[in-house]
file my_file.pdb (PDB, C-alpha atoms)
ATOM      1  CA  GLY X  87       0.000   0.000   0.000
ATOM      2  CA  GLY X  88       1.001   3.616   0.435
ATOM      3  CA  ALA X  89      -0.667   5.338  -2.540
ATOM      4  CA  TRP X  90       2.327   4.596  -4.809
ATOM      5  CA  GLY X  91       4.395   7.236  -3.002
ATOM      6  CA  SER X  92       5.079   5.965   0.523
ATOM      7  CA  GLY X  93       5.347   2.862   2.655
ATOM      8  CA  HIS X  94       8.058   0.407   3.709
ATOM      9  CA  PRO X  95       8.013  -3.375   4.200
ATOM     10  CA  TRP X  96       8.578  -3.040   7.962
ATOM     11  CA  MET X  97       5.216  -1.285   8.257
ATOM     12  CA  TYR X  98       3.509  -4.553   7.281
ATOM     13  CA  ARG X  99       5.609  -6.924   9.354
ATOM     14  CA  LEU X 100       2.673  -7.727  11.636
ATOM     15  CA  VAL X 101       0.860  -9.285   8.690
ATOM     16  CA  ALA X 102       3.360 -12.155   8.729
ATOM     17  CA  PRO X 103       2.516 -13.894  12.050
ATOM     18  CA  ALA X 104      -0.977 -14.926  10.928
ATOM     19  CA  PHE X 105       0.542 -16.717   7.931
ATOM     20  CA  LEU X 106       3.496 -18.128   9.862
ATOM     21  CA  ALA X 107       1.121 -19.626  12.403
ATOM     22  CA  ARG X 108      -0.471 -21.548   9.520
ATOM     23  CA  ASN X 109       2.835 -22.904   8.244
ATOM     24  CA  PHE X 110       3.313 -20.417   5.395
ATOM     25  CA  ALA X 111       6.654 -18.953   4.406
ATOM     26  CA  VAL X 112       6.245 -15.167   4.122
ATOM     27  CA  ALA X 113       8.128 -12.492   2.188
ATOM     28  CA  ILE X 114       7.013  -8.882   2.689
ATOM     29  CA  VAL X 115       8.157  -7.195  -0.500
ATOM     30  CA  GLY X 116       8.828  -3.508  -1.017
ATOM     31  CA  TYR X 117       9.199  -1.487  -4.200
ATOM     32  CA  ARG X 118      10.527   1.933  -5.073
ATOM     33  CA  THR X 119       7.956   4.655  -4.542
ATOM     34  CA  TYR X 120       7.329   7.889  -6.405
ATOM     35  CA  PRO X 121       9.424   9.947  -7.210
ATOM     36  CA  ASP X 122      12.246   7.378  -6.917
ATOM     37  CA  ALA X 123      10.146   5.235  -9.246
ATOM     38  CA  ALA X 124       9.504   7.371 -12.312
ATOM     39  CA  ASP X 125       6.525   5.368 -13.550
ATOM     40  CA  ILE X 126       4.307   2.450 -12.636
ATOM     41  CA  ASP X 127       6.290  -0.085 -14.664
ATOM     42  CA  VAL X 128       9.330   0.532 -12.451
ATOM     43  CA  GLN X 129       7.284  -0.621  -9.474
ATOM     44  CA  VAL X 130       5.999  -3.632 -11.402
ATOM     45  CA  ASP X 131       9.583  -4.508 -12.353
ATOM     46  CA  ASP X 132      10.624  -4.287  -8.699
ATOM     47  CA  LEU X 133       7.962  -6.829  -7.766
ATOM     48  CA  ARG X 134       9.054  -9.065 -10.615
ATOM     49  CA  LEU X 135      12.657  -8.979  -9.403
ATOM     50  CA  ALA X 136      11.492 -10.006  -5.937
ATOM     51  CA  PHE X 137       9.270 -12.782  -7.320
ATOM     52  CA  ASP X 138      12.140 -14.168  -9.397
ATOM     53  CA  ALA X 139      14.548 -13.960  -6.459
ATOM     54  CA  LEU X 140      12.112 -15.908  -4.307
ATOM     55  CA  ASP X 141      12.202 -18.704  -6.893
ATOM     56  CA  THR X 142      15.419 -19.969  -5.289
ATOM     57  CA  VAL X 143      13.912 -19.777  -1.809
ATOM     58  CA  LEU X 144      10.819 -21.715  -2.871
ATOM     59  CA  ASN X 145      12.848 -24.477  -4.453
ATOM     60  CA  GLU X 146      14.843 -24.841  -1.245
ATOM     61  CA  CYS X 147      11.711 -24.921   0.955
ATOM     62  CA  VAL X 148       9.537 -27.373  -0.977
ATOM     63  CA  VAL X 149       9.844 -31.131  -0.559
ATOM     64  CA  PRO X 150       7.671 -34.090  -1.689
ATOM     65  CA  VAL X 151       4.607 -34.170   0.528
ATOM     66  CA  ALA X 152       4.836 -37.898   1.259
ATOM     67  CA  ASP X 153       8.286 -37.540   2.809
ATOM     68  CA  ASP X 154       7.319 -34.423   4.731
ATOM     69  CA  ILE X 155       4.104 -35.890   6.118
ATOM     70  CA  MET X 156       5.990 -38.987   7.299
ATOM     71  CA  ASP X 157       8.443 -36.739   9.141
ATOM     72  CA  ARG X 158       5.675 -34.702  10.744
ATOM     73  CA  LYS X 159       3.555 -37.734  11.629
ATOM     74  CA  ALA X 160       6.551 -39.086  13.486
ATOM     75  CA  ALA X 161       6.821 -35.751  15.297
ATOM     76  CA  GLY X 162       3.077 -35.635  15.971
ATOM     77  CA  THR X 163       2.584 -32.379  14.029
ATOM     78  CA  CYS X 164       0.449 -33.689  11.121
ATOM     79  CA  ASP X 165      -3.358 -33.896  11.186
ATOM     80  CA  ASP X 166      -6.004 -35.471   8.937
ATOM     81  CA  ASN X 167      -6.753 -32.141   7.209
ATOM     82  CA  ASP X 168      -3.261 -31.861   5.794
ATOM     83  CA  LYS X 169      -3.710 -31.842   2.018
ATOM     84  CA  GLY X 170      -0.248 -30.755   0.950
ATOM     85  CA  TRP X 171       1.434 -27.539  -0.082
ATOM     86  CA  VAL X 172      -0.900 -24.661  -1.026
ATOM     87  CA  GLY X 173       1.372 -22.989  -3.598
ATOM     88  CA  ASN X 174       2.843 -19.513  -3.836
ATOM     89  CA  ILE X 175       0.503 -16.587  -3.324
ATOM     90  CA  ILE X 176       0.819 -12.921  -4.264
ATOM     91  CA  MET X 177      -1.207 -10.638  -2.006
ATOM     92  CA  GLY X 178      -1.320  -6.849  -2.040
ATOM     93  CA  HIS X 179      -3.276  -4.078  -0.338
ATOM     94  CA  SER X 180      -4.483  -0.843  -1.958
ATOM     95  CA  SER X 181      -1.852   0.427  -4.415
ATOM     96  CA  GLY X 182       0.102  -2.746  -3.656
ATOM     97  CA  ALA X 183      -2.856  -4.779  -4.935
ATOM     98  CA  HIS X 184      -2.925  -2.664  -8.106
ATOM     99  CA  ILE X 185       0.804  -3.104  -8.789
ATOM    100  CA  ALA X 186       0.658  -6.832  -8.004
ATOM    101  CA  LEU X 187      -2.243  -7.323 -10.422
ATOM    102  CA  LEU X 188      -0.301  -5.496 -13.137
ATOM    103  CA  LEU X 189       2.538  -7.944 -12.523
ATOM    104  CA  LEU X 190       0.169 -10.883 -12.916
ATOM    105  CA  VAL X 191      -1.203  -9.444 -16.170
ATOM    106  CA  ASP X 192       2.314  -9.032 -17.572
ATOM    107  CA  MET X 193       3.179 -12.591 -16.546
ATOM    108  CA  LEU X 194       0.066 -13.882 -18.293
ATOM    109  CA  SER X 195       1.036 -11.973 -21.423
ATOM    110  CA  GLU X 196       4.461 -13.599 -21.397
ATOM    111  CA  ARG X 197       2.837 -17.009 -20.929
ATOM    112  CA  MET X 198       0.478 -16.377 -23.848
ATOM    113  CA  LYS X 199       3.363 -15.515 -26.121
ATOM    114  CA  SER X 200       5.395 -18.545 -25.096
ATOM    115  CA  SER X 201       2.420 -20.905 -25.369
ATOM    116  CA  SER X 202       1.853 -19.885 -28.982
ATOM    117  CA  SER X 203       5.445 -19.777 -30.129
ATOM    118  CA  SER X 204       7.077 -22.367 -32.345
ATOM    119  CA  GLN X 205       9.451 -23.104 -29.482
ATOM    120  CA  LEU X 206       6.700 -24.533 -27.301
ATOM    121  CA  ALA X 207       7.460 -28.129 -28.241
ATOM    122  CA  GLU X 208      11.049 -27.661 -27.127
ATOM    123  CA  LYS X 209      10.356 -25.476 -24.081
ATOM    124  CA  GLN X 210       7.105 -26.401 -22.386
ATOM    125  CA  CYS X 211       5.612 -23.814 -20.070
ATOM    126  CA  ASN X 212       4.948 -26.445 -17.420
ATOM    127  CA  GLN X 213       8.685 -26.764 -16.895
ATOM    128  CA  TYR X 214       8.575 -23.355 -15.200
ATOM    129  CA  PRO X 215       6.123 -23.633 -12.301
ATOM    130  CA  TRP X 216       7.269 -20.400 -10.626
ATOM    131  CA  SER X 217       6.708 -18.234 -13.722
ATOM    132  CA  LEU X 218       3.192 -17.526 -12.444
ATOM    133  CA  PRO X 219       1.799 -17.275  -8.910
ATOM    134  CA  HIS X 220      -0.540 -20.098  -7.984
ATOM    135  CA  TYR X 221      -2.996 -17.724  -6.283
ATOM    136  CA  PHE X 222      -3.655 -13.989  -6.271
ATOM    137  CA  VAL X 223      -5.298 -12.058  -3.428
ATOM    138  CA  GLY X 224      -6.128  -8.373  -3.880
ATOM    139  CA  LEU X 225      -7.234  -6.270  -0.905
ATOM    140  CA  SER X 226      -9.037  -2.947  -1.434
ATOM    141  CA  GLY X 227      -7.282  -2.181  -4.713
ATOM    142  CA  PRO X 228      -7.882   0.736  -7.133
ATOM    143  CA  TYR X 229      -7.653  -1.257 -10.347
ATOM    144  CA  ASP X 230      -8.970   1.258 -12.903
ATOM    145  CA  ILE X 231      -6.733   4.308 -12.736
ATOM    146  CA  SER X 232      -8.936   6.593 -14.818
ATOM    147  CA  ASN X 233     -11.948   5.850 -12.622
ATOM    148  CA  HIS X 234      -9.904   6.327  -9.475
ATOM    149  CA  PHE X 235      -8.543   9.646 -10.758
ATOM    150  CA  ASP X 236     -12.140  10.855 -11.059
ATOM    151  CA  PHE X 237     -12.842   9.584  -7.537
ATOM    152  CA  GLU X 238      -9.789  11.412  -6.187
ATOM    153  CA  ALA X 239     -10.871  14.557  -8.028
ATOM    154  CA  GLY X 240     -14.190  14.354  -6.220
ATOM    155  CA  ARG X 241     -12.264  14.363  -2.944
ATOM    156  CA  GLY X 242     -10.024  17.222  -4.096
ATOM    157  CA  VAL X 243      -6.785  15.229  -3.817
ATOM    158  CA  GLU X 244      -6.072  14.345  -7.465
ATOM    159  CA  GLN X 245      -3.270  16.917  -7.828
ATOM    160  CA  ILE X 246      -1.428  15.944  -4.641
ATOM    161  CA  SER X 247      -1.803  12.177  -5.033
ATOM    162  CA  PRO X 248       1.254  10.372  -6.472
ATOM    163  CA  MET X 249      -1.113   8.298  -8.631
ATOM    164  CA  LYS X 250      -1.413  10.871 -11.426
ATOM    165  CA  PRO X 251       2.333  11.321 -12.131
ATOM    166  CA  ILE X 252       3.378   7.703 -11.630
ATOM    167  CA  CYS X 253       0.589   6.477 -13.924
ATOM    168  CA  GLY X 254       1.535   8.891 -16.693
ATOM    169  CA  HIS X 255      -0.670  12.013 -16.328
ATOM    170  CA  THR X 256      -2.972  11.264 -19.296
ATOM    171  CA  ARG X 257      -6.126   9.172 -19.733
ATOM    172  CA  LEU X 258      -4.342   7.023 -22.303
ATOM    173  CA  ASN X 259      -1.557   6.236 -19.861
ATOM    174  CA  PHE X 260      -4.097   5.686 -17.086
ATOM    175  CA  ASP X 261      -5.637   2.952 -19.242
ATOM    176  CA  ARG X 262      -2.213   1.396 -19.824
ATOM    177  CA  ALA X 263      -1.715   1.336 -16.054
ATOM    178  CA  SER X 264      -5.078  -0.362 -15.425
ATOM    179  CA  PRO X 265      -4.730  -4.173 -15.212
ATOM    180  CA  ALA X 266      -7.908  -5.204 -17.049
ATOM    181  CA  LYS X 267      -7.346  -2.725 -19.859
ATOM    182  CA  ARG X 268      -3.691  -3.728 -20.132
ATOM    183  CA  LEU X 269      -4.702  -7.377 -20.336
ATOM    184  CA  LEU X 270      -7.218  -6.598 -23.076
ATOM    185  CA  THR X 271      -4.497  -4.773 -25.031
ATOM    186  CA  HIS X 272      -2.150  -7.754 -24.667
ATOM    187  CA  MET X 273      -4.860 -10.148 -25.804
ATOM    188  CA  THR X 274      -5.755  -8.028 -28.838
ATOM    189  CA  SER X 275      -2.117  -7.839 -29.904
ATOM    190  CA  PHE X 276      -1.693 -11.563 -29.256
ATOM    191  CA  ARG X 277      -4.676 -12.498 -31.418
ATOM    192  CA  GLU X 278      -3.439 -10.339 -34.280
ATOM    193  CA  GLN X 279      -0.046 -12.039 -34.276
ATOM    194  CA  ILE X 280      -0.914 -15.730 -33.997
ATOM    195  CA  ASP X 281      -1.979 -18.129 -36.737
ATOM    196  CA  ALA X 282      -5.360 -19.825 -36.693
ATOM    197  CA  SER X 283      -3.613 -23.094 -35.831
ATOM    198  CA  ASP X 284      -2.391 -21.551 -32.580
ATOM    199  CA  LEU X 285      -5.872 -20.769 -31.298
ATOM    200  CA  THR X 286      -6.030 -24.208 -29.670
ATOM    201  CA  ASN X 287      -3.237 -23.312 -27.265
ATOM    202  CA  ALA X 288      -3.768 -22.499 -23.609
ATOM    203  CA  THR X 289      -6.433 -19.865 -22.972
ATOM    204  CA  ILE X 290      -6.386 -17.105 -20.387
ATOM    205  CA  GLN X 291      -8.832 -19.127 -18.311
ATOM    206  CA  GLU X 292      -6.485 -22.126 -18.243
ATOM    207  CA  MET X 293      -3.402 -20.056 -17.467
ATOM    208  CA  SER X 294      -4.850 -17.708 -14.848
ATOM    209  CA  PRO X 295      -4.501 -18.603 -11.174
ATOM    210  CA  PRO X 296      -7.548 -18.530  -8.897
ATOM    211  CA  MET X 297      -8.103 -14.982  -7.642
ATOM    212  CA  LEU X 298      -9.741 -13.515  -4.564
ATOM    213  CA  LEU X 299     -10.650  -9.819  -4.404
ATOM    214  CA  VAL X 300     -11.654  -8.432  -0.998
ATOM    215  CA  HIS X 301     -13.051  -4.974  -0.252
ATOM    216  CA  GLY X 302     -14.678  -3.169   2.649
ATOM    217  CA  ILE X 303     -18.119  -1.698   2.001
ATOM    218  CA  GLU X 304     -17.343   1.382   4.124
ATOM    219  CA  ASP X 305     -14.092   2.165   2.270
ATOM    220  CA  SER X 306     -13.912   5.932   1.646
ATOM    221  CA  THR X 307     -10.383   5.858   0.179
ATOM    222  CA  VAL X 308     -11.012   3.342  -2.604
ATOM    223  CA  PRO X 309     -14.722   2.589  -3.176
ATOM    224  CA  PHE X 310     -15.728  -1.068  -3.169
ATOM    225  CA  THR X 311     -17.035  -0.596  -6.707
ATOM    226  CA  ALA X 312     -13.362  -0.580  -7.799
ATOM    227  CA  THR X 313     -13.240  -4.291  -6.975
ATOM    228  CA  SER X 314     -16.599  -5.195  -8.495
ATOM    229  CA  ASP X 315     -15.729  -3.299 -11.691
ATOM    230  CA  ALA X 316     -12.298  -4.961 -11.944
ATOM    231  CA  ALA X 317     -13.777  -8.430 -11.407
ATOM    232  CA  ARG X 318     -16.375  -7.854 -14.121
ATOM    233  CA  LYS X 319     -13.781  -6.643 -16.644
ATOM    234  CA  LEU X 320     -11.282  -9.418 -15.875
ATOM    235  CA  LYS X 321     -13.986 -12.068 -16.197
ATOM    236  CA  SER X 322     -14.943 -10.640 -19.582
ATOM    237  CA  CYS X 323     -11.315 -11.204 -20.648
ATOM    238  CA  GLY X 324     -11.519 -14.885 -19.673
ATOM    239  CA  MET X 325     -10.216 -14.808 -16.092
ATOM    240  CA  THR X 326     -13.299 -16.549 -14.764
ATOM    241  CA  ASP X 327     -11.881 -18.058 -11.566
ATOM    242  CA  ILE X 328     -12.390 -14.880  -9.526
ATOM    243  CA  SER X 329     -14.073 -14.727  -6.142
ATOM    244  CA  GLU X 330     -15.269 -11.460  -4.611
ATOM    245  CA  ILE X 331     -15.874 -10.772  -0.929
ATOM    246  CA  TYR X 332     -17.349  -7.501   0.358
ATOM    247  CA  LEU X 333     -17.113  -6.872   4.092
ATOM    248  CA  GLU X 334     -19.676  -4.870   6.029
ATOM    249  CA  LYS X 335     -18.562  -2.172   8.477
ATOM    250  CA  THR X 336     -15.023  -2.362   7.079
ATOM    251  CA  GLU X 337     -12.967   0.641   5.956
ATOM    252  CA  HIS X 338      -9.827   0.885   3.830
ATOM    253  CA  GLN X 339      -7.140   0.232   6.437
ATOM    254  CA  ASP X 340      -9.312  -2.215   8.366
ATOM    255  CA  VAL X 341      -8.772  -4.878   5.711
ATOM    256  CA  VAL X 342      -5.010  -5.062   6.264
ATOM    257  CA  MET X 343      -5.328  -4.467  10.017
ATOM    258  CA  HIS X 344      -7.454  -7.613  10.224
ATOM    259  CA  PHE X 345      -4.347  -9.621   9.311
ATOM    260  CA  MET X 346      -2.405  -7.948  12.109
ATOM    261  CA  MET X 347      -5.014  -8.106  14.849
ATOM    262  CA  GLY X 348      -7.592 -10.592  13.620
ATOM    263  CA  GLY X 349     -10.798  -9.901  11.756
ATOM    264  CA  SER X 350     -13.169 -10.830   8.974
ATOM    265  CA  ALA X 351     -10.785 -10.068   6.081
ATOM    266  CA  MET X 352      -8.160 -12.443   7.439
ATOM    267  CA  ASP X 353     -10.761 -15.126   8.111
ATOM    268  CA  ALA X 354     -12.199 -14.769   4.604
ATOM    269  CA  VAL X 355      -8.806 -15.120   2.908
ATOM    270  CA  PHE X 356      -7.761 -18.184   4.891
ATOM    271  CA  ASP X 357     -11.170 -19.802   4.416
ATOM    272  CA  TRP X 358     -10.858 -19.239   0.660
ATOM    273  CA  LEU X 359      -7.335 -20.675   0.523
ATOM    274  CA  ARG X 360      -8.445 -23.671   2.550
ATOM    275  CA  GLU X 361     -11.327 -24.268   0.158
ATOM    276  CA  GLN X 362      -9.039 -23.969  -2.870
ATOM    277  CA  ARG X 363      -6.604 -26.483  -1.436
ATOM    278  CA  ARG X 364      -9.331 -28.897  -0.422
ATOM    279  CA  HIS X 365     -11.118 -29.073  -3.752
ATOM    280  CA  GLN X 366      -8.871 -28.389  -6.665
ATOM    281  CA  HIS X 367      -5.408 -26.874  -6.518
ATOM    282  CA  VAL X 368      -2.505 -28.962  -5.234
ATOM    283  CA  ILE X 369       0.440 -27.771  -7.326
ATOM    284  CA  GLY X 370       3.335 -29.928  -8.462
ATOM    285  CA  ARG X 371       6.943 -28.950  -8.890
ATOM    286  CA  ASP X 372       6.505 -29.833 -12.570
ATOM    287  CA  GLY X 373       3.832 -27.128 -12.848
ATOM    288  CA  GLY X 374       1.017 -29.670 -13.091
ATOM    289  CA  ARG X 375      -1.688 -30.642 -10.619
ATOM    290  CA  ASN X 376      -0.672 -34.209  -9.900
ATOM    291  CA  VAL X 377       2.482 -34.009  -7.771
ATOM    292  CA  LYS X 378       1.752 -33.116  -4.152
ATOM    293  CA  LEU X 379       4.219 -30.900  -2.336
ATOM    294  CA  HIS X 380       4.466 -29.382   1.096
ATOM    295  CA  SER X 381       6.491 -26.592   2.629
ATOM    296  CA  ARG X 382       8.779 -27.469   5.522
ATOM    297  CA  LEU X 383       8.351 -23.956   6.926
TER     298      LEU X 383
END

call {"tool": "encode", "arguments": {"input": "my_file.pdb", "output": "C-alpha cells"}}
result
Amino acid sequence: GGAWGSGHPWMYRLVAPAFLARNFAVAIVGYRTYPDAADIDVQVDDLRLAFDALDTVLNECVVPVADDIMDRKAAGTCDDNDKGWVGNIIMGHSSGAHIALLLLVDMLSERMKSSSSSQLAEKQCNQYPWSLPHYFVGLSGPYDISNHFDFEAGRGVEQISPMKPICGHTRLNFDRASPAKRLLTHMTSFREQIDASDLTNATIQEMSPPMLLVHGIEDSTVPFTATSDAARKLKSCGMTDISEIYLEKTEHQDVVMHFMMGGSAMDAVFDWLREQRRHQHVIGRDGGRNVKLHSRL
C-alpha cells in the first residue's frame, strides 16, 4: 500500500505472524515509490525482481509431501486435514494490490506468447512452475486508474496524489496502467499475431490462477465498486476463476489491520485458501496438478 508514493516493508511486518502460524513462508516485498520510481512499470519490475529472487527460496523450501508428512507424523505435528502444499501466493493491499495485479497481467502476457510460439514443443511452459503465482489475493485495490482519478478529483486530492504522475498524467496512460485494460491490449495484440492453428493453445482461463478480491463496504479511500468493476472486466477477458468478498462495516485500512489483529478479512482469505486447497489446486513442482508438495516452513 502507500498510494504509490510511501510505505516500507517493515510497516507490514505484523501481517506475517498470521501466515506463519499456519505454516506459510512469508516475504514482505517492497518497491521503489514515487518519485524514486519514475513510472508504474518501475514498481511492477521491482515486484518481478522479488518474485524471481524468491524462486530460489521456494525451491529450497519445498519437498515431496509424502516424505514431509511422514516426518511430521513421526513428530506428531500432522493432522487429517493436511492436504499438501498450497502454492505460492501474491497478495497486495491498496496500491500494492494494483501493482501486483499489473505484474500478474504481464506474466500472463508472457505465458500467452510462449504458449503460442514455435518453441513450445522444445520449451514447455509447465517446466517453469514459478513463472506464475498459484494464487492472487487483492485487498481494497484501485484497479482502474482513470476511474480512481475521477474519484480522487471528487475528494479534491487528485493533484497531490502520487497516482497521477506515476501512472503517466494522461487518460491514455491511465488505461495502460489499469490491469484489465492492459490485459485486453495484450490479448488483442496476441490475437493479431498468432496463426489460426495456434488458437487451440492455452487460454487465459487455463493459465490464470484462482483470484480472490476483498473490499470493505465502508471504504472511503477506494470505493468497493473498484473491486466489483475490476472483477467484471477481468472475467470478460476470460479470467473466470475470480471470487469477490465484500465486508460490512469495514474501511480501507481495516482490511489489512485484520491480518495484524484478527478480523473478517483475514478469516475470509484463509477460508478461501483452505477451500481452494481442499477441492482443486494442489500444485506440483513440474507445474502440473498431480504431484503433491508441502512446505517445511

call {"tool": "resolve_selection", "arguments": {"input": "my_file.pdb", "expression": "the PyMOL selection byres ((chain X and resi 191) around 9)", "output": "VMD selection string"}}
result
chain X and resid 186 to 190 192 to 196 265 to 266 268 to 269 272

call {"tool": "atom_distance", "arguments": {"input": "my_file.pdb", "atom1": "atom CA of X:Glu337", "atom2": "atom CA of X:Val223"}}
result
17.6 Å

call {"tool": "atom_distance", "arguments": {"input": "my_file.pdb", "atom1": "atom CA of X:Thr142", "atom2": "atom CA of X:Ala111"}}
result
13.1 Å

call {"tool": "closest_residue", "arguments": {"input": "my_file.pdb", "among": "X:Gly224, X:Pro248, X:Gly178, X:Pro121", "to": "X:Leu133", "atoms": "only C-alpha atoms"}}
result
X:Gly178

call {"tool": "resolve_selection", "arguments": {"input": "my_file.pdb", "expression": "the PyMOL selection byres ((chain X and resi 181) around 7)", "output": "PyMOL selection string"}}
result
chain X and resi 87-90+179-180+182-185+227-228

call {"tool": "atom_distance", "arguments": {"input": "my_file.pdb", "atom1": "atom CA of X:Asp122", "atom2": "atom CA of X:Phe237"}}
result
25.2 Å

call {"tool": "resolve_selection", "arguments": {"input": "my_file.pdb", "expression": "the PyMOL selection byres ((chain X and resi 297) around 7)", "output": "ChimeraX atom specification"}}
result
/X:221-223,295-296,298-299,327-329

call {"tool": "closest_residue", "arguments": {"input": "my_file.pdb", "among": "X:Arg262, X:Phe276, X:Met249, X:Asp138", "to": "X:Leu218", "atoms": "all atoms listed in the file"}}
result
X:Asp138
